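The file structure.pdb contains PDB, C-alpha atoms:
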ATOM      1  CA  MET A   1     -37.247   5.597 108.698
ATOM      2  CA  PRO A   2     -35.142   4.479 105.742
ATOM      3  CA  GLY A   3     -36.948   3.057 102.754
ATOM      4  CA  ILE A   4     -40.070   5.201 103.062
ATOM      5  CA  PRO A   5     -40.406   7.119  99.795
ATOM      6  CA  ALA A   6     -40.985  10.862  99.824
ATOM      7  CA  LEU A   7     -44.592  12.011  99.663
ATOM      8  CA  THR A   8     -45.729  14.180  96.790
ATOM      9  CA  GLU A   9     -46.587  17.750  97.662
ATOM     10  CA  SER A  10     -50.274  16.994  97.061
ATOM     11  CA  THR A  11     -50.245  13.977  99.390
ATOM     12  CA  TYR A  12     -48.328  15.898 102.030
ATOM     13  CA  TYR A  13     -50.797  18.775 102.104
ATOM     14  CA  ILE A  14     -53.823  16.482 102.013
ATOM     15  CA  LEU A  15     -52.564  14.577 105.076
ATOM     16  CA  LEU A  16     -51.606  17.811 106.791
ATOM     17  CA  SER A  17     -55.042  19.329 106.146
ATOM     18  CA  LEU A  18     -56.639  16.227 107.641
ATOM     19  CA  HIS A  19     -55.020  16.928 110.979
ATOM     20  CA  ARG A  20     -58.661  17.719 111.660
ATOM     21  CA  PRO A  21     -61.517  15.956 109.769
ATOM     22  CA  ARG A  22     -62.565  17.843 106.644
ATOM     23  CA  HIS A  23     -64.563  17.353 103.484
ATOM     24  CA  GLY A  24     -63.059  17.660 100.014
ATOM     25  CA  TYR A  25     -63.511  21.368  99.527
ATOM     26  CA  GLY A  26     -62.227  21.998 103.060
ATOM     27  CA  ILE A  27     -58.992  20.201 102.165
ATOM     28  CA  MET A  28     -58.570  22.415  99.091
ATOM     29  CA  GLN A  29     -59.095  25.574 101.137
ATOM     30  CA  GLN A  30     -56.859  24.491 103.999
ATOM     31  CA  THR A  31     -54.025  23.548 101.616
ATOM     32  CA  GLU A  32     -54.182  26.905  99.916
ATOM     33  CA  GLU A  33     -54.218  28.686 103.249
ATOM     34  CA  LEU A  34     -51.357  26.675 104.782
ATOM     35  CA  SER A  35     -49.131  27.213 101.754
ATOM     36  CA  GLY A  36     -49.977  30.899 101.485
ATOM     37  CA  GLY A  37     -51.675  30.335  98.134
ATOM     38  CA  ARG A  38     -48.680  28.585  96.572
ATOM     39  CA  VAL A  39     -50.160  25.052  96.482
ATOM     40  CA  ARG A  40     -53.576  24.664  94.950
ATOM     41  CA  LEU A  41     -55.153  21.220  94.766
ATOM     42  CA  ALA A  42     -57.377  20.759  91.750
ATOM     43  CA  ALA A  43     -60.566  18.795  92.373
ATOM     44  CA  GLY A  44     -59.782  15.925  89.977
ATOM     45  CA  THR A  45     -56.340  15.445  91.470
ATOM     46  CA  LEU A  46     -57.732  15.572  95.000
ATOM     47  CA  TYR A  47     -60.514  13.088  94.251
ATOM     48  CA  GLY A  48     -58.072  10.509  92.882
ATOM     49  CA  ALA A  49     -55.641  11.056  95.762
ATOM     50  CA  LEU A  50     -58.370  10.688  98.426
ATOM     51  CA  ASN A  51     -59.474   7.360  96.945
ATOM     52  CA  THR A  52     -55.876   6.115  96.864
ATOM     53  CA  LEU A  53     -55.225   7.246 100.451
ATOM     54  CA  CYS A  54     -58.412   5.506 101.638
ATOM     55  CA  ASP A  55     -57.329   2.291  99.889
ATOM     56  CA  LYS A  56     -53.947   2.522 101.601
ATOM     57  CA  GLY A  57     -55.582   3.049 104.977
ATOM     58  CA  TRP A  58     -53.853   6.383 105.631
ATOM     59  CA  ILE A  59     -57.203   8.150 105.863
ATOM     60  CA  VAL A  60     -60.809   7.008 106.414
ATOM     61  CA  LEU A  61     -64.208   8.302 105.446
ATOM     62  CA  LYS A  62     -66.056   9.375 108.560
ATOM     63  CA  THR A  63     -69.706   8.458 109.084
ATOM     64  CA  VAL A  64     -71.567  10.608 106.636
ATOM     65  CA  ASP A  65     -73.601  13.316 108.248
ATOM     66  CA  GLU A  66     -77.226  12.716 107.280
ATOM     67  CA  ASP A  67     -78.037  16.412 107.011
ATOM     68  CA  SER A  68     -75.134  17.717 104.991
ATOM     69  CA  ARG A  69     -74.595  14.514 102.948
ATOM     70  CA  ARG A  70     -71.023  15.630 102.650
ATOM     71  CA  LYS A  71     -68.232  13.150 103.154
ATOM     72  CA  GLU A  72     -65.621  13.958 105.744
ATOM     73  CA  TYR A  73     -62.189  12.398 105.715
ATOM     74  CA  GLN A  74     -60.048  11.701 108.746
ATOM     75  CA  LEU A  75     -56.405  10.793 109.279
ATOM     76  CA  THR A  76     -55.753   7.271 110.636
ATOM     77  CA  ASP A  77     -52.963   6.413 113.090
ATOM     78  CA  LYS A  78     -50.982   5.010 110.182
ATOM     79  CA  GLY A  79     -51.507   8.198 108.193
ATOM     80  CA  ARG A  80     -50.405  10.320 111.141
ATOM     81  CA  GLU A  81     -47.251   8.241 111.566
ATOM     82  CA  ILE A  82     -46.401   8.638 107.867
ATOM     83  CA  LEU A  83     -46.994  12.367 108.068
ATOM     84  CA  ILE A  84     -44.743  12.721 111.123
ATOM     85  CA  ASN A  85     -41.981  10.746 109.416
ATOM     86  CA  GLU A  86     -42.298  12.951 106.361
ATOM     87  CA  VAL A  87     -41.904  16.115 108.429
ATOM     88  CA  LYS A  88     -38.741  14.596 109.943
ATOM     89  CA  ARG A  89     -37.445  13.821 106.471
ATOM     90  CA  LEU A  90     -38.179  17.345 105.253
ATOM     91  CA  LYS A  91     -36.397  18.792 108.288
ATOM     92  CA  GLU A  92     -33.345  16.730 107.407
ATOM     93  CA  LEU A  93     -33.458  18.027 103.826
ATOM     94  CA  ALA A  94     -33.698  21.622 105.004
ATOM     95  CA  ARG A  95     -30.940  21.117 107.588
ATOM     96  CA  ASN A  96     -28.576  19.692 104.976
ATOM     97  CA  GLY A  97     -29.374  22.514 102.575
ATOM     98  CA  GLU A  98     -28.624  25.085 105.221
ATOM     99  CA  MET A  99     -25.430  23.313 106.235
ATOM    100  CA  VAL A 100     -24.052  23.301 102.698
ATOM    101  CA  LEU A 101     -25.250  26.675 101.488
ATOM    102  CA  GLY A 102     -25.043  28.408 104.860
ATOM    103  CA  GLU A 103     -24.590  32.108 104.303
ATOM    104  CA  GLU A 104     -25.907  32.080 100.742
ATOM    105  CA  LEU A 105     -29.411  31.628 102.124
TER     106      LEU A 105
ATOM    107  CA  MET B   1     -81.754  33.612  76.110
ATOM    108  CA  GLU B   2     -79.742  33.728  72.928
ATOM    109  CA  ARG B   3     -78.286  30.343  71.995
ATOM    110  CA  LYS B   4     -76.233  28.829  69.236
ATOM    111  CA  THR B   5     -75.125  25.326  68.360
ATOM    112  CA  ILE B   6     -71.816  24.654  66.676
ATOM    113  CA  THR B   7     -70.818  21.378  65.053
ATOM    114  CA  LYS B   8     -67.129  20.767  65.460
ATOM    115  CA  TRP B   9     -64.880  17.747  65.334
ATOM    116  CA  PHE B  10     -61.907  17.114  67.584
ATOM    117  CA  TRP B  11     -59.717  14.027  67.519
ATOM    118  CA  VAL B  12     -59.301  12.381  70.909
ATOM    119  CA  TRP B  13     -55.711  13.592  71.255
ATOM    120  CA  GLN B  14     -56.891  17.168  70.739
ATOM    121  CA  PHE B  15     -58.778  17.383  74.025
ATOM    122  CA  GLU B  16     -56.617  20.291  75.162
ATOM    123  CA  GLN B  17     -57.412  22.227  71.973
ATOM    124  CA  GLU B  18     -61.093  21.446  72.517
ATOM    125  CA  GLU B  19     -60.901  22.879  76.026
ATOM    126  CA  ASP B  20     -59.021  25.963  74.787
ATOM    127  CA  TRP B  21     -61.692  26.546  72.173
ATOM    128  CA  LEU B  22     -64.512  26.217  74.744
ATOM    129  CA  ASN B  23     -62.724  28.771  76.923
ATOM    130  CA  GLU B  24     -62.225  31.144  73.982
ATOM    131  CA  MET B  25     -65.969  30.908  73.394
ATOM    132  CA  ALA B  26     -66.620  31.711  77.069
ATOM    133  CA  ALA B  27     -64.203  34.640  76.866
ATOM    134  CA  GLU B  28     -66.250  35.948  73.910
ATOM    135  CA  GLY B  29     -69.495  35.584  75.839
ATOM    136  CA  TRP B  30     -70.652  32.135  74.734
ATOM    137  CA  LEU B  31     -70.985  29.727  77.635
ATOM    138  CA  LEU B  32     -71.128  25.975  77.036
ATOM    139  CA  GLU B  33     -74.604  24.814  77.974
ATOM    140  CA  SER B  34     -74.777  21.255  76.675
ATOM    141  CA  VAL B  35     -72.778  18.786  74.617
ATOM    142  CA  GLY B  36     -73.740  16.207  72.025
ATOM    143  CA  PHE B  37     -71.925  14.171  69.404
ATOM    144  CA  CYS B  38     -69.642  16.802  67.810
ATOM    145  CA  ARG B  39     -72.252  19.376  68.819
ATOM    146  CA  TYR B  40     -71.774  22.133  71.317
ATOM    147  CA  THR B  41     -74.609  24.365  72.433
ATOM    148  CA  PHE B  42     -73.741  27.766  73.871
ATOM    149  CA  VAL B  43     -75.776  30.322  75.692
ATOM    150  CA  ARG B  44     -75.015  34.054  75.920
ATOM    151  CA  CYS B  45     -73.045  35.018  79.028
ATOM    152  CA  GLU B  46     -71.049  37.941  80.307
ATOM    153  CA  PRO B  47     -67.654  37.564  78.540
ATOM    154  CA  GLY B  48     -64.939  35.991  80.681
ATOM    155  CA  THR B  49     -67.140  34.969  83.587
ATOM    156  CA  TYR B  50     -66.614  31.204  83.274
ATOM    157  CA  THR B  51     -63.866  28.608  82.918
ATOM    158  CA  VAL B  52     -64.719  25.337  81.158
ATOM    159  CA  ARG B  53     -62.908  22.037  81.719
ATOM    160  CA  THR B  54     -63.230  18.596  80.198
ATOM    161  CA  GLU B  55     -61.722  15.205  80.959
ATOM    162  CA  MET B  56     -62.212  11.536  80.218
ATOM    163  CA  ARG B  57     -63.605   9.592  83.128
ATOM    164  CA  PRO B  58     -65.885   6.552  83.327
ATOM    165  CA  TYR B  59     -69.300   7.385  84.742
ATOM    166  CA  ASP B  60     -68.942   8.200  88.432
ATOM    167  CA  ASP B  61     -71.843   9.801  90.238
ATOM    168  CA  GLN B  62     -69.717  10.437  93.336
ATOM    169  CA  TYR B  63     -67.214  12.403  91.289
ATOM    170  CA  VAL B  64     -69.861  14.734  89.894
ATOM    171  CA  LYS B  65     -71.123  15.351  93.452
ATOM    172  CA  PHE B  66     -67.583  15.986  94.636
ATOM    173  CA  MET B  67     -67.001  18.525  91.857
ATOM    174  CA  GLU B  68     -70.280  20.287  92.622
ATOM    175  CA  GLU B  69     -69.247  20.601  96.263
ATOM    176  CA  THR B  70     -66.171  22.499  95.131
ATOM    177  CA  GLY B  71     -68.304  25.005  93.262
ATOM    178  CA  ALA B  72     -68.112  23.561  89.757
ATOM    179  CA  GLU B  73     -71.219  23.100  87.609
ATOM    180  CA  TYR B  74     -71.769  19.888  85.693
ATOM    181  CA  VAL B  75     -72.502  20.670  82.042
ATOM    182  CA  GLY B  76     -72.911  17.181  80.621
ATOM    183  CA  ARG B  77     -71.126  14.239  79.162
ATOM    184  CA  MET B  78     -70.492  12.859  75.713
ATOM    185  CA  MET B  79     -69.464   9.226  75.687
ATOM    186  CA  MET B  80     -66.678   9.106  78.255
ATOM    187  CA  TRP B  81     -65.933  12.828  78.221
ATOM    188  CA  ILE B  82     -67.312  14.921  81.013
ATOM    189  CA  TYR B  83     -67.686  18.731  80.960
ATOM    190  CA  PHE B  84     -67.646  21.146  83.878
ATOM    191  CA  ARG B  85     -67.710  24.916  84.185
ATOM    192  CA  LYS B  86     -67.029  27.263  87.049
ATOM    193  CA  LYS B  87     -67.425  31.002  87.593
ATOM    194  CA  THR B  88     -64.063  32.746  87.274
ATOM    195  CA  GLU B  89     -64.850  34.864  90.341
ATOM    196  CA  ASP B  90     -64.871  31.626  92.396
ATOM    197  CA  GLY B  91     -61.178  31.155  91.724
ATOM    198  CA  VAL B  92     -58.840  29.282  89.415
ATOM    199  CA  PHE B  93     -60.478  26.192  87.970
ATOM    200  CA  ASP B  94     -58.311  23.229  86.995
ATOM    201  CA  LEU B  95     -59.072  19.525  87.120
ATOM    202  CA  TYR B  96     -55.489  18.444  87.697
ATOM    203  CA  SER B  97     -52.788  20.129  89.708
ATOM    204  CA  ASP B  98     -49.898  17.689  89.581
ATOM    205  CA  ILE B  99     -48.023  15.626  87.020
ATOM    206  CA  ASP B 100     -49.073  12.266  88.496
ATOM    207  CA  SER B 101     -52.775  12.903  88.054
ATOM    208  CA  ARG B 102     -52.222  14.271  84.522
ATOM    209  CA  ILE B 103     -50.394  11.054  83.679
ATOM    210  CA  SER B 104     -53.166   8.883  85.106
ATOM    211  CA  HIS B 105     -55.697  10.851  83.028
ATOM    212  CA  LEU B 106     -53.650  10.077  79.892
ATOM    213  CA  ASP B 107     -53.480   6.432  81.003
ATOM    214  CA  ARG B 108     -57.277   6.315  81.192
ATOM    215  CA  ILE B 109     -57.562   7.693  77.653
ATOM    216  CA  GLY B 110     -54.900   5.250  76.461
ATOM    217  CA  LYS B 111     -56.702   2.248  77.930
ATOM    218  CA  VAL B 112     -59.960   3.134  76.191
ATOM    219  CA  LEU B 113     -58.190   3.690  72.851
ATOM    220  CA  LEU B 114     -56.380   0.388  73.225
ATOM    221  CA  ALA B 115     -59.596  -1.490  74.030
ATOM    222  CA  ILE B 116     -61.605  -0.021  71.123
ATOM    223  CA  GLY B 117     -58.623  -0.178  68.767
ATOM    224  CA  GLY B 118     -57.930  -3.799  69.681
ATOM    225  CA  ALA B 119     -61.571  -4.764  69.160
ATOM    226  CA  ASN B 120     -61.598  -3.087  65.731
ATOM    227  CA  LEU B 121     -58.381  -4.819  64.759
ATOM    228  CA  LEU B 122     -59.819  -8.199  65.717
ATOM    229  CA  ILE B 123     -63.144  -7.637  63.942
ATOM    230  CA  GLY B 124     -61.306  -6.220  60.927
ATOM    231  CA  LEU B 125     -59.020  -9.245  60.674
ATOM    232  CA  VAL B 126     -61.846 -11.747  61.122
ATOM    233  CA  ASN B 127     -63.943  -9.978  58.471
ATOM    234  CA  SER B 128     -61.014  -9.777  56.066
ATOM    235  CA  PHE B 129     -60.879 -13.561  55.970
ATOM    236  CA  ASN B 130     -64.636 -13.919  55.815
ATOM    237  CA  PRO B 131     -65.801 -13.988  52.153
ATOM    238  CA  VAL B 132     -69.338 -12.874  53.103
ATOM    239  CA  ALA B 133     -68.377  -9.759  55.113
ATOM    240  CA  ARG B 134     -66.976  -6.953  52.982
ATOM    241  CA  ALA B 135     -66.506  -4.186  55.501
ATOM    242  CA  GLY B 136     -63.438  -5.556  57.275
ATOM    243  CA  TRP B 137     -61.321  -2.692  55.916
ATOM    244  CA  VAL B 138     -63.493  -0.161  57.783
ATOM    245  CA  ASN B 139     -62.561  -1.758  61.100
ATOM    246  CA  LEU B 140     -58.915  -1.931  60.083
ATOM    247  CA  LEU B 141     -58.997   1.765  59.218
ATOM    248  CA  CYS B 142     -60.586   2.562  62.590
ATOM    249  CA  ALA B 143     -57.974   0.433  64.340
ATOM    250  CA  THR B 144     -55.156   2.293  62.544
ATOM    251  CA  LEU B 145     -56.609   5.648  63.513
ATOM    252  CA  LEU B 146     -57.125   4.610  67.142
ATOM    253  CA  MET B 147     -53.583   3.271  67.338
ATOM    254  CA  TYR B 148     -52.328   6.575  65.930
ATOM    255  CA  GLY B 149     -54.299   8.324  68.693
ATOM    256  CA  LEU B 150     -52.743   6.004  71.239
ATOM    257  CA  GLY B 151     -49.322   7.014  69.948
ATOM    258  CA  ARG B 152     -50.152  10.719  70.339
ATOM    259  CA  ILE B 153     -51.417  10.174  73.899
ATOM    260  CA  HIS B 154     -48.317   8.145  74.700
ATOM    261  CA  GLY B 155     -46.130  10.985  73.417
ATOM    262  CA  LYS B 156     -47.844  13.450  75.760
ATOM    263  CA  LYS B 157     -47.358  10.998  78.616
ATOM    264  CA  GLU B 158     -43.659  10.565  77.881
ATOM    265  CA  SER B 159     -42.984  14.288  77.996
ATOM    266  CA  LEU B 160     -44.783  14.503  81.354
ATOM    267  CA  GLU B 161     -42.726  11.584  82.678
ATOM    268  CA  LYS B 162     -39.493  13.323  81.666
ATOM    269  CA  GLU B 163     -40.628  16.386  83.558
ATOM    270  CA  ARG B 164     -41.490  14.294  86.608
ATOM    271  CA  ALA B 165     -37.957  12.892  86.730
ATOM    272  CA  LEU B 166     -36.839  16.358  87.851
ATOM    273  CA  HIS B 167     -39.741  17.707  89.831
ATOM    274  CA  GLU B 168     -43.352  17.076  90.753
TER     275      GLU B 168
END

Written form, structure tokens:
Amino acid sequence: MPGIPALTESTYYILLSLHRPRHGYGIMQQTEELSGGRVRLAAGTLYGALNTLCDKGWIVLKTVDEDSRRKEYQLTDKGREILINEVKRLKELARNGEMVLGEEL
Amino acid sequence: MERKTITKWFWVWQFEQEEDWLNEMAAEGWLLESVGFCRYTFVRCEPGTYTVRTEMRPYDDQYVKFMEETGAEYVGRMMMWIYFRKKTEDGVFDLYSDIDSRISHLDRIGKVLLAIGGANLLIGLVNSFNPVARAGWVNLLCATLLMYGLGRIHGKKESLEKERALHE
């Protein structure tokens, strides 16, 4: 997967949270939970990122539930592929770090 | 409910100071209730129970709904500035959590300043050469001020971009 730029931490956690369809606030909660409170997505940042990811076709808006009127987002096949490649890239980074620093870690 | 209205002026590049001031007011027990042109109306609240945030964003109904879903309350808007507040007990309240989105916010402000500044420059120049119109200098003054603002916003953006070169 050469040539695919690294995802930002926000993008990474948004895609990861959308492993299962969620609405905006659900993504914020899931990100905070997954990262043990370290990564917090602010609403303005998330809103902009969701629009960009929809435009890119990495995620889609699911049919809006008439009752809740809340929008749910879902990962597309393309989005899933990008996420998987990113995890592979991160593994490589961690592996190289461990190889070089070894016992210092 | 006890209320008070304060008239205060902030230049566009001072939006962070404006936000700090609104939060100091909330910390002292004065919660932002509505905004007008250079006018802020506060209502008495329990000190330190709210966080207030403001940003520039063109009118977007969906955005307000989105913010409300996350627990924020919409206070109002003044021209292109929008104001939100959220109870501190509901968690940390920020509008932006990464450098990229802070930069795109500054870009939005910059674009508006450039558009209004450019229009003033054009009108000012046209009026300067028009013997009937006498107020061309007013537009030129506005244009100068807006361009100065653009410079300040650009400076903020540059320091964020330097930071981004090293980390997110």

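For chain B, the residues within 6 Å of chain A are Thr70, Asp94, Leu95, Tyr96, Ser97 and Ser101 of chain B, with all atoms listed in the file used to measure distance.
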
Give as number ranges by chain every residue, naming chains and numbers as the document does, that has an atom within 12 Å of (-47.9, 12.7, 78.0), counting all atoms listed in the file. B: 13, 16, 99-110, 150-164

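Residue selection for this entry, given the PyMOL selection byres ((chain A and resi 80-97) around 8), comprises A:Met1, A:Ala6, A:Leu7, A:Tyr12, A:Leu15, A:Leu16, A:Trp58, A:Leu75, A:Thr76, A:Asp77, A:Lys78, A:Gly79, A:Glu98, A:Met99, A:Val100, A:Leu101, A:Gly102.
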
Enumerate, as a PyMOL selection string, the residues matched when the PyMOL selection byres ((chain B and resi 141) around 12) is run on the file above. chain B and resi 117-118+120-125+135-140+142-148

Which one is closest to B:Glu69: A:Tyr13, A:Glu104, A:Ile27, A:Lys56? Count only C-alpha atoms.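 Checking each of A:Tyr13, A:Glu104, A:Ile27, A:Lys56 against B:Glu69, counting only C-alpha atoms, the winner is A:Ile27.
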
Output check: residues returned by the PyMOL selection byres ((chain B and resi 89) around 12), as a list in words: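 Applied to this file, the PyMOL selection byres ((chain B and resi 89) around 12) returns Gly48, Thr49, Tyr50, Thr51, Gly71, Ala72, Lys86, Lys87, Thr88, Asp90, Gly91, Val92 and Phe93 of chain B.
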
Can you work out the spacing between atom CA of B:Asp98 and atom CA of A:Glu72 in Å, to one decimal?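 Value for the atom CA of B:Asp98-atom CA of A:Glu72 distance: 22.9 Å.
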
Could you jot down the atom CA of B:Ile82 to atom CA of B:Gly149 separation for me, Å, one decimal place?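 It comes out at 19.1 Å.
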
Record the distance separating atom CA of A:Leu61 and atom CA of A:Gly36, expressed in Å with one decimal.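 Interatomic distance, atom CA of A:Leu61 to atom CA of A:Gly36: 27.0 Å.
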
Close residues, B:Met25 itself excluded, 12 Å, only C-alpha atoms, min 3 positions apart in chain, as a short mmCIF file (atom, residue, chain, number, x, y, z; two decimals) with C-alpha atoms, in the frame of the given file:
data_model
loop_
_atom_site.label_atom_id
_atom_site.label_comp_id
_atom_site.auth_asym_id
_atom_site.auth_seq_id
_atom_site.Cartn_x
_atom_site.Cartn_y
_atom_site.Cartn_z
CA LYS B 4 -76.23 28.83 69.24
CA THR B 5 -75.12 25.33 68.36
CA ILE B 6 -71.82 24.65 66.68
CA GLU B 18 -61.09 21.45 72.52
CA GLU B 19 -60.90 22.88 76.03
CA ASP B 20 -59.02 25.96 74.79
CA TRP B 21 -61.69 26.55 72.17
CA LEU B 22 -64.51 26.22 74.74
CA GLU B 28 -66.25 35.95 73.91
CA GLY B 29 -69.50 35.58 75.84
CA TRP B 30 -70.65 32.14 74.73
CA LEU B 31 -70.98 29.73 77.64
CA LEU B 32 -71.13 25.98 77.04
CA GLU B 33 -74.60 24.81 77.97
CA TYR B 40 -71.77 22.13 71.32
CA THR B 41 -74.61 24.36 72.43
CA PHE B 42 -73.74 27.77 73.87
CA VAL B 43 -75.78 30.32 75.69
CA ARG B 44 -75.02 34.05 75.92
CA CYS B 45 -73.04 35.02 79.03
CA GLU B 46 -71.05 37.94 80.31
CA PRO B 47 -67.65 37.56 78.54
CA GLY B 48 -64.94 35.99 80.68
CA THR B 49 -67.14 34.97 83.59
CA TYR B 50 -66.61 31.20 83.27
CA THR B 51 -63.87 28.61 82.92
CA VAL B 52 -64.72 25.34 81.16
#

Box for stretch 52-71 of chain B - axis-aligned, 3 Å on each of the six sides, all listed atoms - centre and size in Å to one decimal, as JSON.
{"center_x": -66.8, "center_y": 15.9, "center_z": 88.2, "size_x": 16.1, "size_y": 24.8, "size_z": 22.1}
